[in-house]
Structures are given as structure tokens and as C-alpha cells.
Amino acid sequence: MGVQKIVLLSIFVMFNVFSLVSCTEFEAGGETGWIIPQSSNQSDIFNQWASKNRFKVGDTIRFKYKKDSVLVVTEDEYKKCQTTKPELYSNHDDTVFKLDRPGLFYFISGVSGHCEKGQKMIIKVMEVESPPQSPPPSSSLAASSTHKKNHAVRKTSRFLGTGLVTISILVLTVFSVV
């Protein structure tokens with residue numbers, strides 16, 4: 001009986017060490033998608049959309065478009081709408097970009113004139129957070145924040161690295177001991 005307790009405790013510890021990671025896929029621009037802003041008062045629609053969302057390392061941005069493209073560029077290229085030396089270029093009508101580090105990402109359209117009309121966006125990816133040290137928010141605050149629309153396409157969960165393999169081996173060990 002002592003071996004079973006040790007194995008079960010080991011499973012519990014390993015599960016917490018290799019905890020679930022939640023990743024979200026966002027559609028660039030939300031419901032409107034990656035389009036050319038139709039008027040000058042919409043020239044900042046993508047940055048407004050991005051500022052209403054919280055992006056984490058591991059999340060993805062899906063760009064859906066027709067007869068257009070998306071480029072990942074430097075801050076200077078973003079400001080000047082330069083498309084000559086992008087870090088990434090895609091024109092496949094449906095591009096998924098993984099946010100693989102904290103910091104700022106700069107996106108622009110690669111079609112001539114589109115960036116100048118406002119088809120560009122800055123996304124800020126948050127640093128990895130440590131578990132909260134304060135108590136959870138009151139139920140009224142939590143209820144109001146759950147209704148915030150972020151236009152995420154889907155949310156997925158996955159195990160980090162070898163966590164799933166380690167847990168599987170420990171579970172098999174428990175069943176072989178029993």
C-alpha cells in the first residue's frame with residue numbers, strides 16, 4: 001500500500017510541474033478580419049482591436065484575407081509602411097502566426113497602399129505570469145469580465161513538453177502495481 005501512495009503522490013506532483021497551458025487563436029481584426037479600413041476614421045481599427053485583447057506566448061493570430069498579404073516587420077518598417085525586408089511574408093489567404101515570445105509584434109499588409117490606409121497592427125504579448133498572490137476577484141467582478149468579447153476563434157489546452165509522457169508512465173506504473 002505504501003508504494004501506491006508514493007506513486008499517486010508522484011503523479012500529483014508531476015501533474016502540477018507539467019501543468020496545462022492554455023493557448024488561444026485570435027482572428028486578426030475580430031469579426032471584420034484583415035481588411036483595408038474603409039474610411040480615415042477607421043485607420044486605427046486593428047490597434048483598437050488588439051488593445052482590447054490579452055495575448056500570451058503560445059497564442060496564435062489568424063489572418064483571413066482575399067487578394068492581400070500579411071508581413072511581420074520591425075517597428076521602423078511598421079512606422080514607414082516599408083515592405084522590403086519583412087521577417088515573415090505570407091499571401092496564402094489564411095495565415096496563422098504563432099506569438100512565440102513576449103514583446104511587440106508589428107504586422108502590415110504587403111499590398112501597395114494598404115498599410116498607409118491603416119491595414120497594420122501592433123500586438124503586445126505579455127510576459128509569462130507567475131501564479132497570482134492575491135485572492136481571486138469578487139464574484140461580481142468575475143462575472144462582468146467573463147462577458148468581455150475578445151473574438152477568439154478557439155481556445156485549446158495542451159501539456160508542456162514531456163509532461164504527458166511522464167504522467168502516462170506514472171499512471172501505467174500505478175496500474176501495474178495494483
# chains A, B, ... in the order shown; residues from 1 in each chain; ligands from 1

$ residues_around --residues "Thr95 of chain A" --least-positions-apart "3" --cutoff "8 Å" --atoms "only C-alpha atoms" --output "count of residues only"
7

$ atom_distance --atom1 "atom CA of Lys79 of chain A" --atom2 "atom CA of Gly103 of chain A"
17.0 Å

$ residues_around --residues "Val128 of chain A" --least-positions-apart "6" --cutoff "8 Å" --atoms "only C-alpha atoms" --output "list of chain:residue names"
A:Lys56, A:Val57, A:Pro102

$ write_last_selection --atoms "C-alpha atoms" --output "short mmCIF file (atom, residue, chain, number, x, y, z; two decimals), in the first residue's frame"
data_model
loop_
_atom_site.label_atom_id
_atom_site.label_comp_id
_atom_site.auth_asym_id
_atom_site.auth_seq_id
_atom_site.Cartn_x
_atom_site.Cartn_y
_atom_site.Cartn_z
CA LYS A 56 0.18 35.40 -24.28
CA VAL A 57 3.20 33.46 -25.52
CA PRO A 102 6.83 38.29 -25.10
#

$ atom_distance --atom1 "atom CA of Lys52 of chain A" --atom2 "atom CA of Cys23 of chain A"
17.0 Å

$ residues_around --residues "Val111 of chain A" --least-positions-apart "5" --cutoff "9 Å" --atoms "only C-alpha atoms" --output "list in words"
Lys67, Asp68, Ser69, Val70 and Thr83 of chain A

$ closest_residue --among "A:Glu31, A:Asp59, A:Asp76, A:Glu87" --to "Arg101 of chain A" --atoms "only C-alpha atoms"
A:Asp59

$ residues_around --residues "Val72 of chain A" --least-positions-apart "3" --cutoff "8 Å" --atoms "only C-alpha atoms" --output "ChimeraX atom specification"
/A:86-89,105-108

$ select_by_dssp --residues "segment 42-96 of chain A" --states "strand (DSSP E or B)" --output "MDAnalysis selection string"
chainID A and resid 55:56 60:64 70:73 88:90 94:96

$ closest_residue --among "A:Ile61, A:Val125, A:Ala28, A:Ile45" --to "Val96 of chain A" --atoms "only C-alpha atoms"
A:Ile61

$ residues_around --residues "Lys120 of chain A" --least-positions-apart "2" --cutoff "12 Å" --atoms "only C-alpha atoms" --output "JSON, numbers by chain"
{"A": [28, 29, 33, 34, 35, 36, 37, 42, 43, 44, 45, 46, 47, 48, 49, 50, 63, 69, 70, 71, 72, 73, 75, 77, 78, 79, 80, 81, 82, 83, 105, 106, 107, 108, 109, 110, 111, 113, 114, 115, 116, 117, 118, 122, 123]}

$ closest_residue --among "A:Thr32, A:Ser51, A:Ser22, A:Ser40" --to "Met121 of chain A" --atoms "only C-alpha atoms"
A:Ser51

$ select_by_dssp --residues "segment 37-137 of chain A" --states "helix (DSSP H, G or I)" --output "number ranges by chain"
A: 40-42, 45-51, 75-80
